[in-house]
Structure formats: structure tokens, C-alpha cells
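*Asks:* So I've got this file, upload_1.cif, and it contains mmCIF, N, CA and C atoms:
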data_upload
loop_
_atom_site.label_atom_id
_atom_site.label_comp_id
_atom_site.auth_asym_id
_atom_site.auth_seq_id
_atom_site.Cartn_x
_atom_site.Cartn_y
_atom_site.Cartn_z
N MET A 1 -8.78 40.65 -50.03
CA MET A 1 -9.03 41.19 -48.71
C MET A 1 -8.48 40.25 -47.65
N THR A 2 -7.96 40.83 -46.62
CA THR A 2 -7.50 40.05 -45.48
C THR A 2 -8.06 40.68 -44.22
N SER A 3 -7.92 39.99 -43.13
CA SER A 3 -8.46 40.56 -41.90
C SER A 3 -7.38 41.29 -41.13
N ARG A 4 -7.77 42.36 -40.49
CA ARG A 4 -6.88 43.13 -39.63
C ARG A 4 -6.99 42.58 -38.23
N GLU A 5 -6.10 43.05 -37.36
CA GLU A 5 -6.06 42.51 -36.01
C GLU A 5 -5.90 41.00 -36.12
N ALA A 6 -5.10 40.57 -37.09
CA ALA A 6 -5.08 39.18 -37.54
C ALA A 6 -4.60 38.18 -36.51
N GLY A 7 -3.92 38.61 -35.47
CA GLY A 7 -3.37 37.69 -34.50
C GLY A 7 -4.11 36.39 -34.37
N ASP A 8 -5.22 36.41 -33.70
CA ASP A 8 -5.96 35.19 -33.45
C ASP A 8 -7.28 35.13 -34.20
N THR A 9 -7.57 36.14 -35.01
CA THR A 9 -8.91 36.20 -35.61
C THR A 9 -8.94 35.97 -37.11
N ALA A 10 -7.82 36.03 -37.79
CA ALA A 10 -7.82 35.89 -39.25
C ALA A 10 -8.44 34.57 -39.67
N TRP A 11 -8.18 33.51 -38.94
CA TRP A 11 -8.71 32.21 -39.32
C TRP A 11 -10.24 32.18 -39.28
N VAL A 12 -10.86 33.06 -38.51
CA VAL A 12 -12.32 33.13 -38.44
C VAL A 12 -12.88 33.90 -39.63
N LEU A 13 -12.28 35.04 -39.94
CA LEU A 13 -12.84 35.94 -40.95
C LEU A 13 -12.45 35.60 -42.38
N GLU A 14 -11.24 35.10 -42.59
CA GLU A 14 -10.77 34.83 -43.96
C GLU A 14 -11.71 33.92 -44.76
N PRO A 15 -12.17 32.79 -44.21
CA PRO A 15 -13.07 31.93 -45.00
C PRO A 15 -14.40 32.61 -45.35
N ILE A 16 -14.85 33.52 -44.53
CA ILE A 16 -16.08 34.25 -44.82
C ILE A 16 -15.88 35.14 -46.04
N LEU A 17 -14.71 35.72 -46.15
CA LEU A 17 -14.41 36.60 -47.29
C LEU A 17 -14.32 35.84 -48.61
N GLU A 18 -14.17 34.53 -48.53
CA GLU A 18 -14.09 33.72 -49.75
C GLU A 18 -15.46 33.53 -50.42
N VAL A 19 -16.53 33.81 -49.71
CA VAL A 19 -17.87 33.72 -50.31
C VAL A 19 -17.99 34.87 -51.31
N PRO A 20 -18.37 34.56 -52.56
CA PRO A 20 -18.48 35.62 -53.56
C PRO A 20 -19.42 36.75 -53.11
N HIS A 21 -18.96 37.97 -53.33
CA HIS A 21 -19.70 39.20 -53.07
C HIS A 21 -19.76 39.58 -51.60
N VAL A 22 -19.03 38.88 -50.74
CA VAL A 22 -18.91 39.33 -49.35
C VAL A 22 -17.91 40.46 -49.34
N ARG A 23 -18.28 41.55 -48.71
CA ARG A 23 -17.45 42.76 -48.74
C ARG A 23 -16.69 43.03 -47.46
N ALA A 24 -17.24 42.61 -46.32
CA ALA A 24 -16.59 42.92 -45.05
C ALA A 24 -17.11 42.00 -43.96
N ALA A 25 -16.32 41.86 -42.90
CA ALA A 25 -16.74 41.08 -41.74
C ALA A 25 -16.06 41.63 -40.50
N VAL A 26 -16.72 41.44 -39.36
CA VAL A 26 -16.19 41.91 -38.08
C VAL A 26 -16.39 40.80 -37.06
N LEU A 27 -15.41 40.60 -36.22
CA LEU A 27 -15.51 39.72 -35.07
C LEU A 27 -15.55 40.64 -33.86
N LEU A 28 -16.54 40.42 -32.99
CA LEU A 28 -16.71 41.33 -31.86
C LEU A 28 -17.16 40.58 -30.63
N THR A 29 -17.03 41.23 -29.50
CA THR A 29 -17.55 40.67 -28.26
C THR A 29 -19.03 41.02 -28.18
N ARG A 30 -19.76 40.32 -27.34
CA ARG A 30 -21.19 40.55 -27.22
C ARG A 30 -21.50 41.99 -26.80
N ASP A 31 -20.60 42.60 -26.05
CA ASP A 31 -20.84 43.97 -25.61
C ASP A 31 -20.31 45.02 -26.59
N GLY A 32 -19.91 44.59 -27.80
CA GLY A 32 -19.61 45.53 -28.86
C GLY A 32 -18.17 45.96 -29.04
N LEU A 33 -17.22 45.20 -28.51
CA LEU A 33 -15.81 45.53 -28.69
C LEU A 33 -15.24 44.74 -29.86
N VAL A 34 -14.55 45.42 -30.75
CA VAL A 34 -13.97 44.78 -31.94
C VAL A 34 -12.78 43.92 -31.54
N THR A 35 -12.76 42.68 -32.04
CA THR A 35 -11.58 41.84 -31.85
C THR A 35 -10.91 41.51 -33.17
N GLY A 36 -11.57 41.81 -34.28
CA GLY A 36 -10.98 41.62 -35.60
C GLY A 36 -11.91 42.17 -36.67
N TYR A 37 -11.33 42.58 -37.79
CA TYR A 37 -12.14 43.11 -38.88
C TYR A 37 -11.36 43.02 -40.18
N THR A 38 -12.08 43.12 -41.28
CA THR A 38 -11.47 42.96 -42.60
C THR A 38 -11.02 44.29 -43.17
N ASP A 39 -10.14 44.20 -44.17
CA ASP A 39 -9.54 45.39 -44.77
C ASP A 39 -10.52 46.37 -45.39
N ALA A 40 -11.70 45.94 -45.72
CA ALA A 40 -12.69 46.84 -46.32
C ALA A 40 -13.16 47.90 -45.33
N LEU A 41 -12.87 47.70 -44.07
CA LEU A 41 -13.29 48.63 -43.03
C LEU A 41 -12.09 49.31 -42.39
N SER A 42 -12.25 50.56 -42.01
CA SER A 42 -11.25 51.23 -41.19
C SER A 42 -11.54 50.85 -39.73
N ARG A 43 -10.62 51.12 -38.86
CA ARG A 43 -10.84 50.83 -37.43
C ARG A 43 -12.08 51.56 -36.92
N PRO A 44 -12.25 52.87 -37.20
CA PRO A 44 -13.47 53.55 -36.73
C PRO A 44 -14.76 52.94 -37.30
N SER A 45 -14.73 52.52 -38.56
CA SER A 45 -15.91 51.88 -39.16
C SER A 45 -16.20 50.55 -38.49
N ALA A 46 -15.16 49.76 -38.23
CA ALA A 46 -15.33 48.47 -37.56
C ALA A 46 -15.91 48.67 -36.16
N GLU A 47 -15.44 49.68 -35.45
CA GLU A 47 -15.97 49.96 -34.11
C GLU A 47 -17.43 50.39 -34.18
N ARG A 48 -17.78 51.17 -35.18
CA ARG A 48 -19.17 51.58 -35.37
C ARG A 48 -20.06 50.37 -35.68
N VAL A 49 -19.59 49.50 -36.57
CA VAL A 49 -20.33 48.28 -36.90
C VAL A 49 -20.51 47.43 -35.65
N ALA A 50 -19.47 47.28 -34.85
CA ALA A 50 -19.54 46.46 -33.65
C ALA A 50 -20.55 47.03 -32.65
N ALA A 51 -20.54 48.34 -32.45
CA ALA A 51 -21.49 48.95 -31.52
C ALA A 51 -22.92 48.77 -32.00
N ILE A 52 -23.15 48.98 -33.29
CA ILE A 52 -24.49 48.81 -33.85
C ILE A 52 -24.92 47.35 -33.77
N THR A 53 -24.01 46.44 -34.09
CA THR A 53 -24.32 45.01 -34.05
C THR A 53 -24.71 44.58 -32.65
N SER A 54 -24.01 45.05 -31.66
CA SER A 54 -24.32 44.72 -30.27
C SER A 54 -25.71 45.22 -29.91
N THR A 55 -26.04 46.42 -30.33
CA THR A 55 -27.36 46.99 -30.06
C THR A 55 -28.46 46.20 -30.76
N VAL A 56 -28.22 45.85 -32.03
CA VAL A 56 -29.20 45.08 -32.79
C VAL A 56 -29.45 43.73 -32.12
N GLN A 57 -28.38 43.06 -31.69
CA GLN A 57 -28.54 41.77 -31.01
C GLN A 57 -29.39 41.89 -29.76
N GLY A 58 -29.12 42.92 -28.97
CA GLY A 58 -29.90 43.14 -27.75
C GLY A 58 -31.37 43.38 -28.06
N ALA A 59 -31.64 44.19 -29.07
CA ALA A 59 -33.03 44.46 -29.45
C ALA A 59 -33.71 43.18 -29.95
N CYS A 60 -32.99 42.38 -30.70
CA CYS A 60 -33.57 41.13 -31.22
C CYS A 60 -33.83 40.12 -30.11
N ARG A 61 -32.93 40.03 -29.13
CA ARG A 61 -33.17 39.14 -27.98
C ARG A 61 -34.42 39.58 -27.23
N THR A 62 -34.56 40.89 -27.03
CA THR A 62 -35.71 41.43 -26.32
C THR A 62 -37.00 41.17 -27.10
N ALA A 63 -36.97 41.39 -28.41
CA ALA A 63 -38.15 41.15 -29.24
C ALA A 63 -38.54 39.68 -29.24
N ALA A 64 -37.56 38.79 -29.39
CA ALA A 64 -37.85 37.35 -29.40
C ALA A 64 -38.45 36.91 -28.07
N ALA A 65 -37.94 37.43 -26.97
CA ALA A 65 -38.48 37.09 -25.65
C ALA A 65 -39.90 37.62 -25.50
N ALA A 66 -40.14 38.82 -25.98
CA ALA A 66 -41.49 39.40 -25.86
C ALA A 66 -42.50 38.59 -26.67
N PHE A 67 -42.14 38.20 -27.88
CA PHE A 67 -43.05 37.41 -28.70
C PHE A 67 -43.30 36.04 -28.09
N ALA A 68 -42.31 35.50 -27.42
CA ALA A 68 -42.44 34.18 -26.79
C ALA A 68 -43.01 34.28 -25.38
N ASP A 69 -43.29 35.52 -24.93
CA ASP A 69 -43.80 35.77 -23.58
C ASP A 69 -42.87 35.17 -22.52
N ARG A 70 -41.59 35.43 -22.69
CA ARG A 70 -40.54 34.94 -21.79
C ARG A 70 -39.69 36.10 -21.31
N ASP A 71 -38.86 35.84 -20.30
CA ASP A 71 -37.93 36.85 -19.82
C ASP A 71 -36.69 36.95 -20.70
N ARG A 72 -36.29 35.80 -21.28
CA ARG A 72 -35.06 35.76 -22.08
C ARG A 72 -35.28 34.92 -23.32
N ALA A 73 -34.51 35.26 -24.34
CA ALA A 73 -34.45 34.44 -25.55
C ALA A 73 -33.07 34.64 -26.16
N GLU A 74 -32.49 33.57 -26.65
CA GLU A 74 -31.20 33.66 -27.32
C GLU A 74 -31.45 33.72 -28.83
N VAL A 75 -30.72 34.58 -29.48
CA VAL A 75 -30.84 34.76 -30.92
C VAL A 75 -29.78 33.90 -31.60
N ARG A 76 -30.18 33.17 -32.63
CA ARG A 76 -29.24 32.32 -33.37
C ARG A 76 -28.63 33.06 -34.54
N GLN A 77 -29.41 33.94 -35.16
CA GLN A 77 -28.88 34.78 -36.22
C GLN A 77 -29.83 35.93 -36.47
N VAL A 78 -29.29 36.99 -37.03
CA VAL A 78 -30.07 38.14 -37.44
C VAL A 78 -29.69 38.42 -38.89
N VAL A 79 -30.68 38.60 -39.74
CA VAL A 79 -30.45 38.95 -41.14
C VAL A 79 -31.11 40.29 -41.40
N ILE A 80 -30.33 41.21 -41.93
CA ILE A 80 -30.85 42.51 -42.32
C ILE A 80 -30.70 42.60 -43.84
N GLU A 81 -31.81 42.82 -44.51
CA GLU A 81 -31.79 42.98 -45.97
C GLU A 81 -32.06 44.44 -46.29
N SER A 82 -31.20 45.02 -47.11
CA SER A 82 -31.38 46.40 -47.54
C SER A 82 -31.19 46.48 -49.05
N ASP A 83 -31.38 47.66 -49.59
CA ASP A 83 -31.14 47.85 -51.02
C ASP A 83 -29.66 47.77 -51.36
N ARG A 84 -28.80 47.81 -50.38
CA ARG A 84 -27.34 47.74 -50.58
C ARG A 84 -26.76 46.36 -50.35
N GLY A 85 -27.57 45.43 -49.83
CA GLY A 85 -27.08 44.09 -49.57
C GLY A 85 -27.61 43.54 -48.28
N TYR A 86 -26.86 42.59 -47.72
CA TYR A 86 -27.29 41.85 -46.54
C TYR A 86 -26.26 41.97 -45.42
N VAL A 87 -26.76 42.05 -44.21
CA VAL A 87 -25.93 41.94 -43.02
C VAL A 87 -26.38 40.69 -42.30
N LEU A 88 -25.43 39.82 -41.98
CA LEU A 88 -25.72 38.61 -41.24
C LEU A 88 -24.95 38.68 -39.92
N ILE A 89 -25.67 38.51 -38.84
CA ILE A 89 -25.09 38.57 -37.49
C ILE A 89 -25.33 37.23 -36.82
N VAL A 90 -24.24 36.59 -36.39
CA VAL A 90 -24.35 35.28 -35.74
C VAL A 90 -23.56 35.31 -34.43
N PRO A 91 -24.27 35.27 -33.30
CA PRO A 91 -23.58 35.22 -32.01
C PRO A 91 -23.11 33.81 -31.69
N THR A 92 -22.14 33.72 -30.81
CA THR A 92 -21.66 32.42 -30.35
C THR A 92 -22.17 32.19 -28.94
N GLU A 93 -21.97 31.00 -28.44
CA GLU A 93 -22.40 30.67 -27.09
C GLU A 93 -21.45 31.21 -26.02
N HIS A 94 -20.28 31.66 -26.43
CA HIS A 94 -19.28 32.08 -25.45
C HIS A 94 -19.00 33.58 -25.49
N GLY A 95 -19.96 34.37 -25.97
CA GLY A 95 -19.85 35.81 -25.83
C GLY A 95 -19.23 36.59 -26.97
N THR A 96 -18.96 35.95 -28.09
CA THR A 96 -18.47 36.68 -29.25
C THR A 96 -19.54 36.65 -30.34
N CYS A 97 -19.24 37.32 -31.43
CA CYS A 97 -20.21 37.43 -32.51
C CYS A 97 -19.47 37.69 -33.81
N VAL A 98 -20.01 37.18 -34.90
CA VAL A 98 -19.49 37.47 -36.23
C VAL A 98 -20.59 38.21 -36.99
N ALA A 99 -20.21 39.33 -37.59
CA ALA A 99 -21.12 40.09 -38.45
C ALA A 99 -20.46 40.17 -39.82
N ALA A 100 -21.22 39.84 -40.86
CA ALA A 100 -20.69 39.86 -42.23
C ALA A 100 -21.63 40.65 -43.12
N TYR A 101 -21.03 41.30 -44.11
CA TYR A 101 -21.81 42.11 -45.05
C TYR A 101 -21.52 41.66 -46.47
N GLY A 102 -22.59 41.36 -47.20
CA GLY A 102 -22.47 40.99 -48.60
C GLY A 102 -23.34 41.88 -49.46
N GLY A 103 -22.90 42.11 -50.67
CA GLY A 103 -23.66 42.93 -51.61
C GLY A 103 -24.98 42.27 -51.97
N PRO A 104 -25.81 42.97 -52.75
CA PRO A 104 -27.13 42.43 -53.10
C PRO A 104 -27.08 41.13 -53.88
N GLU A 105 -25.95 40.85 -54.53
CA GLU A 105 -25.84 39.63 -55.32
C GLU A 105 -25.29 38.43 -54.54
N VAL A 106 -24.97 38.61 -53.27
CA VAL A 106 -24.45 37.51 -52.46
C VAL A 106 -25.53 36.45 -52.29
N ARG A 107 -25.10 35.19 -52.30
CA ARG A 107 -26.03 34.10 -51.99
C ARG A 107 -26.11 33.98 -50.48
N LEU A 108 -27.23 34.38 -49.95
CA LEU A 108 -27.40 34.42 -48.50
C LEU A 108 -27.24 33.05 -47.87
N ASP A 109 -27.67 31.99 -48.56
CA ASP A 109 -27.52 30.64 -48.00
C ASP A 109 -26.05 30.27 -47.85
N LEU A 110 -25.22 30.63 -48.83
CA LEU A 110 -23.78 30.34 -48.73
C LEU A 110 -23.12 31.17 -47.63
N LEU A 111 -23.50 32.43 -47.56
CA LEU A 111 -22.95 33.29 -46.51
C LEU A 111 -23.33 32.76 -45.14
N ALA A 112 -24.60 32.42 -44.95
CA ALA A 112 -25.04 31.91 -43.65
C ALA A 112 -24.31 30.61 -43.29
N HIS A 113 -24.19 29.72 -44.27
CA HIS A 113 -23.48 28.46 -44.01
C HIS A 113 -22.04 28.72 -43.57
N ARG A 114 -21.35 29.59 -44.28
CA ARG A 114 -19.94 29.86 -43.94
C ARG A 114 -19.81 30.52 -42.58
N VAL A 115 -20.64 31.51 -42.30
CA VAL A 115 -20.54 32.19 -41.01
C VAL A 115 -20.86 31.22 -39.87
N HIS A 116 -21.91 30.43 -40.01
CA HIS A 116 -22.25 29.46 -38.95
C HIS A 116 -21.14 28.43 -38.78
N SER A 117 -20.52 28.02 -39.88
CA SER A 117 -19.39 27.07 -39.79
C SER A 117 -18.23 27.68 -39.01
N GLN A 118 -17.93 28.93 -39.29
CA GLN A 118 -16.83 29.60 -38.59
C GLN A 118 -17.17 29.83 -37.13
N VAL A 119 -18.42 30.15 -36.83
CA VAL A 119 -18.83 30.32 -35.44
C VAL A 119 -18.70 28.98 -34.70
N ALA A 120 -19.06 27.88 -35.34
CA ALA A 120 -18.90 26.56 -34.73
C ALA A 120 -17.44 26.27 -34.46
N ARG A 121 -16.58 26.59 -35.42
CA ARG A 121 -15.13 26.37 -35.22
C ARG A 121 -14.61 27.24 -34.09
N LEU A 122 -15.11 28.45 -34.01
CA LEU A 122 -14.71 29.37 -32.94
C LEU A 122 -15.10 28.77 -31.58
N GLY A 123 -16.31 28.18 -31.51
CA GLY A 123 -16.76 27.54 -30.28
C GLY A 123 -15.91 26.34 -29.91
N GLU A 124 -15.53 25.55 -30.92
CA GLU A 124 -14.67 24.39 -30.67
C GLU A 124 -13.32 24.83 -30.11
N LYS A 125 -12.79 25.90 -30.68
CA LYS A 125 -11.49 26.38 -30.21
C LYS A 125 -11.60 26.92 -28.79
N ALA A 126 -12.68 27.62 -28.49
CA ALA A 126 -12.88 28.16 -27.14
C ALA A 126 -13.02 27.03 -26.13
N MET A 127 -13.70 25.95 -26.52
CA MET A 127 -13.90 24.83 -25.61
C MET A 127 -12.61 24.06 -25.38
N SER A 128 -11.71 24.05 -26.35
CA SER A 128 -10.47 23.30 -26.20
C SER A 128 -9.36 24.11 -25.55
N ALA A 129 -9.57 25.41 -25.37
CA ALA A 129 -8.56 26.26 -24.75
C ALA A 129 -8.51 25.99 -23.26
N ALA A 130 -7.31 26.11 -22.69
CA ALA A 130 -7.15 25.93 -21.25
C ALA A 130 -7.84 27.08 -20.53
N PRO A 131 -8.45 26.80 -19.38
CA PRO A 131 -9.10 27.87 -18.60
C PRO A 131 -8.07 28.93 -18.20
N ARG A 132 -8.52 30.18 -18.14
CA ARG A 132 -7.62 31.27 -17.75
C ARG A 132 -7.11 31.04 -16.34
N GLY A 133 -5.86 31.38 -16.15
CA GLY A 133 -5.27 31.26 -14.84
C GLY A 133 -4.77 29.86 -14.51
N SER A 134 -5.00 28.92 -15.42
CA SER A 134 -4.52 27.57 -15.12
C SER A 134 -3.09 27.43 -15.61
N ASP A 135 -2.29 26.81 -14.83
CA ASP A 135 -0.90 26.56 -15.18
C ASP A 135 -0.70 25.05 -15.13
N PRO A 136 -0.53 24.43 -16.33
CA PRO A 136 -0.42 22.97 -16.36
C PRO A 136 0.71 22.41 -15.50
N GLY A 137 1.76 23.19 -15.27
CA GLY A 137 2.88 22.70 -14.50
C GLY A 137 2.79 23.00 -13.02
N ALA A 138 1.77 23.73 -12.60
CA ALA A 138 1.64 24.12 -11.20
C ALA A 138 1.13 22.95 -10.37
N PRO A 139 1.62 22.86 -9.11
CA PRO A 139 1.11 21.78 -8.24
C PRO A 139 -0.35 22.03 -7.90
N ALA A 140 -1.09 20.96 -7.70
CA ALA A 140 -2.53 21.07 -7.41
C ALA A 140 -2.80 21.40 -5.98
#
Go ahead and render the structure in this file as C-alpha cells.
*Replies:*
Amino acid sequence: MTSREAGDTAWVLEPILEVPHVRAAVLLTRDGLVTGYTDALSRPSAERVAAITSTVQGACRTAAAAFADRDRAEVRQVVIESDRGYVLIVPTEHGTCVAAYGGPEVRLDLLAHRVHSQVARLGEKAMSAAPRGSDPGAPA
């Protein structure tokens, strides 16, 4: 399996697919727009996953805030266990999110470690990127 929309996203999703029994992964914006997805999904399926993932994250943030009696709470990860396997959703600090799906035999600890590692690398890359609109050669 390889990732589609590979331009800038393959490096994020490919290592996740190396975890045994991982079937698919999606990279999306916090508001549910697909920025990359793996071959196991069609574009319409990836868009559906992204929309659902965005909704799930919002519901989880709201639930966490309500339980903590706060206005806001940030979610570090969401795990959904079903009879078909696991969905792991990990948001980043800069507005993107990785969602991965593994079959029932996937080792959730390995999947979580790999996804969190890739999210950290994604954050490092975002922090090292030049700000939009900046031109290094332009006069100050």
C-alpha cells in the first residue's frame, strides 16, 4: 500500500502502513478536508472518513470539556474499538489530524506509537517551515 495525494503527505502515512495489520490511514485538516490518504481507500471513502473524524474529534473535545467542567479541552487521541478493528485519531497542534485503521489483530500500542511519532514529525516540519508570505530575499 502507498499513500495517494503523495506530494507532501506520503512521508507521514507510509510509516503508519508498516505497522502489521494496519489497513488504511488518512491525513486531514481539523475541519475535515482530506490532504492525503492510502490506497485502501477511494477518494470518496477518504472524504467520508475525514468528515466523520472531524465530527468525532469535535464531540470528544466537547465531552472532555464537559467532564472537566471547562469551556475547552484539547484531545490528544481518540480510540474507537469495534468488532472490525480499531480506529486511532491523533490531532496535531497545528490543525491537522491523522486517522488510522487497523484490523482486530493490530497491536494498538504499536499503532499508537507510530501515529504519535508521525504526528510529532509533522509538527516539527510545520515549525521549521517558513511563514506564509515571507520572502527570504525581500527587503525588510
*Asks:* Counting only C-alpha atoms, which residue out of A:Val115, A:Val49, A:Asp31, A:Val56 sits closest to Ile80 (chain A)?
*Replies:*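 Ranked by minimum distance to Ile80 (chain A), first place goes to A:Val56.
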*Asks:* Applied to this file, what does the PyMOL selection byres (((chain A and resi 91 and name CA) around 9) and name CA) return in terms of residues, put as a list in words?
*Replies:*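 Applied to this file, the PyMOL selection byres (((chain A and resi 91 and name CA) around 9) and name CA) selects Thr29, Arg30, Gln57, Val75, Arg76, Gln77, Val78, Ile89, Val90, Thr92, Glu93, His94, Gly95, Thr96, Cys97, Val98, Ala99 and Val119 of chain A.
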*Asks:* Include N, CA and C atoms and write out the residues we just selected as a short mmCIF file (atom, residue, chain, number, x, y, z; two decimals), in the frame of the given file.
*Replies:*
data_model
loop_
_atom_site.label_atom_id
_atom_site.label_comp_id
_atom_site.auth_asym_id
_atom_site.auth_seq_id
_atom_site.Cartn_x
_atom_site.Cartn_y
_atom_site.Cartn_z
N THR A 29 -17.03 41.23 -29.50
CA THR A 29 -17.55 40.67 -28.26
C THR A 29 -19.03 41.02 -28.18
N ARG A 30 -19.76 40.32 -27.34
CA ARG A 30 -21.19 40.55 -27.22
C ARG A 30 -21.50 41.99 -26.80
N GLN A 57 -28.38 43.06 -31.69
CA GLN A 57 -28.54 41.77 -31.01
C GLN A 57 -29.39 41.89 -29.76
N VAL A 75 -30.72 34.58 -29.48
CA VAL A 75 -30.84 34.76 -30.92
C VAL A 75 -29.78 33.90 -31.60
N ARG A 76 -30.18 33.17 -32.63
CA ARG A 76 -29.24 32.32 -33.37
C ARG A 76 -28.63 33.06 -34.54
N GLN A 77 -29.41 33.94 -35.16
CA GLN A 77 -28.88 34.78 -36.22
C GLN A 77 -29.83 35.93 -36.47
N VAL A 78 -29.29 36.99 -37.03
CA VAL A 78 -30.07 38.14 -37.44
C VAL A 78 -29.69 38.42 -38.89
N ILE A 89 -25.67 38.51 -38.84
CA ILE A 89 -25.09 38.57 -37.49
C ILE A 89 -25.33 37.23 -36.82
N VAL A 90 -24.24 36.59 -36.39
CA VAL A 90 -24.35 35.28 -35.74
C VAL A 90 -23.56 35.31 -34.43
N THR A 92 -22.14 33.72 -30.81
CA THR A 92 -21.66 32.42 -30.35
C THR A 92 -22.17 32.19 -28.94
N GLU A 93 -21.97 31.00 -28.44
CA GLU A 93 -22.40 30.67 -27.09
C GLU A 93 -21.45 31.21 -26.02
N HIS A 94 -20.28 31.66 -26.43
CA HIS A 94 -19.28 32.08 -25.45
C HIS A 94 -19.00 33.58 -25.49
N GLY A 95 -19.96 34.37 -25.97
CA GLY A 95 -19.85 35.81 -25.83
C GLY A 95 -19.23 36.59 -26.97
N THR A 96 -18.96 35.95 -28.09
CA THR A 96 -18.47 36.68 -29.25
C THR A 96 -19.54 36.65 -30.34
N CYS A 97 -19.24 37.32 -31.43
CA CYS A 97 -20.21 37.43 -32.51
C CYS A 97 -19.47 37.69 -33.81
N VAL A 98 -20.01 37.18 -34.90
CA VAL A 98 -19.49 37.47 -36.23
C VAL A 98 -20.59 38.21 -36.99
N ALA A 99 -20.21 39.33 -37.59
CA ALA A 99 -21.12 40.09 -38.45
C ALA A 99 -20.46 40.17 -39.82
N VAL A 119 -18.42 30.15 -36.83
CA VAL A 119 -18.83 30.32 -35.44
C VAL A 119 -18.70 28.98 -34.70
#
*Asks:* Write out as an MDAnalysis selection string which residues come within 12 Å of Glu81 (chain A) when counting only C-alpha atoms, dropping same-chain ones fewer than 3 positions away.
*Replies:* chainID A and resid 78 84:89 101:106 108
*Asks:* I want to know what sits within 8 Å of Gly32 (chain A), based on all atoms listed in the file, with residues of the same chain fewer than 5 positions away left out; could you give that as a list in words?
*Replies:*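 Residues near the query, excluding close chain neighbours: Leu27, Ala46, Glu47, Val49, Ala50, Ala51, Ile52, Thr53, Ser54 and Thr55 of chain A.
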*Asks:* Could you spell out the hits of the PyMOL selection byres ((chain A and resi 12-16) around 8) on the shown file, as a ChimeraX atom specification?
*Replies:* /A:1-3,8-11,17-20,22-27,36-38,100,111,114-115,118-119,121-122
*Asks:* Hey, can you check how far CA of Glu74 (chain A) sits from CA of Arg61 (chain A)?
*Replies:*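 Interatomic distance, CA of Glu74 (chain A) to CA of Arg61 (chain A): 5.9 Å.
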*Asks:* Out of chain A, which residues get alpha helix (DSSP H) from DSSP, as a VMD selection string?
*Replies:* chain A and resid 6 to 17 43 to 67 108 to 128
*Asks:* Using the chain letters and numbers from this document, which residues of region 26-112 of chain A does DSSP assign to strand (DSSP E), as number ranges by chain?
*Replies:* A: 26-29, 34-38, 78-82, 85-91, 96-102
*Asks:* CA of Thr35 (chain A) to CA of Ala59 (chain A): how many Å, to one decimal?
*Replies:*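 We find that CA of Thr35 (chain A) and CA of Ala59 (chain A) lie 21.7 Å from each other.
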*Asks:* Take atom C of Asp83 (chain A) and atom N of Leu28 (chain A) and report the distance between them in Å, one decimal.
*Replies:* 23.7 Å
*Asks:* I'd like to see the residues matched by the PyMOL selection byres ((chain A and resi 73) around 7) on this file, and ideally I'd get them as an MDAnalysis selection string.
*Replies:* chainID A and resid 60:62 64:66 70:72 74:75
*Asks:* Take region 25-29 of chain A, model all heavy atoms, and hand the result over as a tab-separated table (two decimals), in the frame of the given file.
*Replies:*
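Ended up saving to part11.tsv:
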chain	number	residue	atom	x	y	z
A	25	ALA	N	-16.32	41.86	-42.90
A	25	ALA	CA	-16.74	41.08	-41.74
A	25	ALA	C	-16.06	41.63	-40.50
A	25	ALA	O	-14.97	42.23	-40.58
A	25	ALA	CB	-16.39	39.61	-41.92
A	26	VAL	N	-16.72	41.44	-39.36
A	26	VAL	CA	-16.19	41.91	-38.08
A	26	VAL	C	-16.39	40.80	-37.06
A	26	VAL	O	-17.44	40.15	-37.04
A	26	VAL	CB	-16.93	43.19	-37.61
A	26	VAL	CG1	-16.44	43.63	-36.23
A	26	VAL	CG2	-16.74	44.33	-38.60
A	27	LEU	N	-15.41	40.60	-36.22
A	27	LEU	CA	-15.51	39.72	-35.07
A	27	LEU	C	-15.55	40.64	-33.86
A	27	LEU	O	-14.71	41.54	-33.73
A	27	LEU	CB	-14.31	38.78	-35.00
A	27	LEU	CG	-14.28	37.77	-33.86
A	27	LEU	CD1	-15.43	36.78	-33.96
A	27	LEU	CD2	-12.95	37.03	-33.85
A	28	LEU	N	-16.54	40.42	-32.99
A	28	LEU	CA	-16.71	41.33	-31.86
A	28	LEU	C	-17.16	40.58	-30.63
A	28	LEU	O	-17.62	39.44	-30.72
A	28	LEU	CB	-17.74	42.42	-32.20
A	28	LEU	CG	-19.13	41.93	-32.56
A	28	LEU	CD1	-20.19	42.75	-31.85
A	28	LEU	CD2	-19.32	42.05	-34.06
A	29	THR	N	-17.03	41.23	-29.50
A	29	THR	CA	-17.55	40.67	-28.26
A	29	THR	C	-19.03	41.02	-28.18
A	29	THR	O	-19.51	41.93	-28.88
A	29	THR	CB	-16.83	41.25	-27.03
A	29	THR	OG1	-17.06	42.66	-26.99
A	29	THR	CG2	-15.34	40.96	-27.07
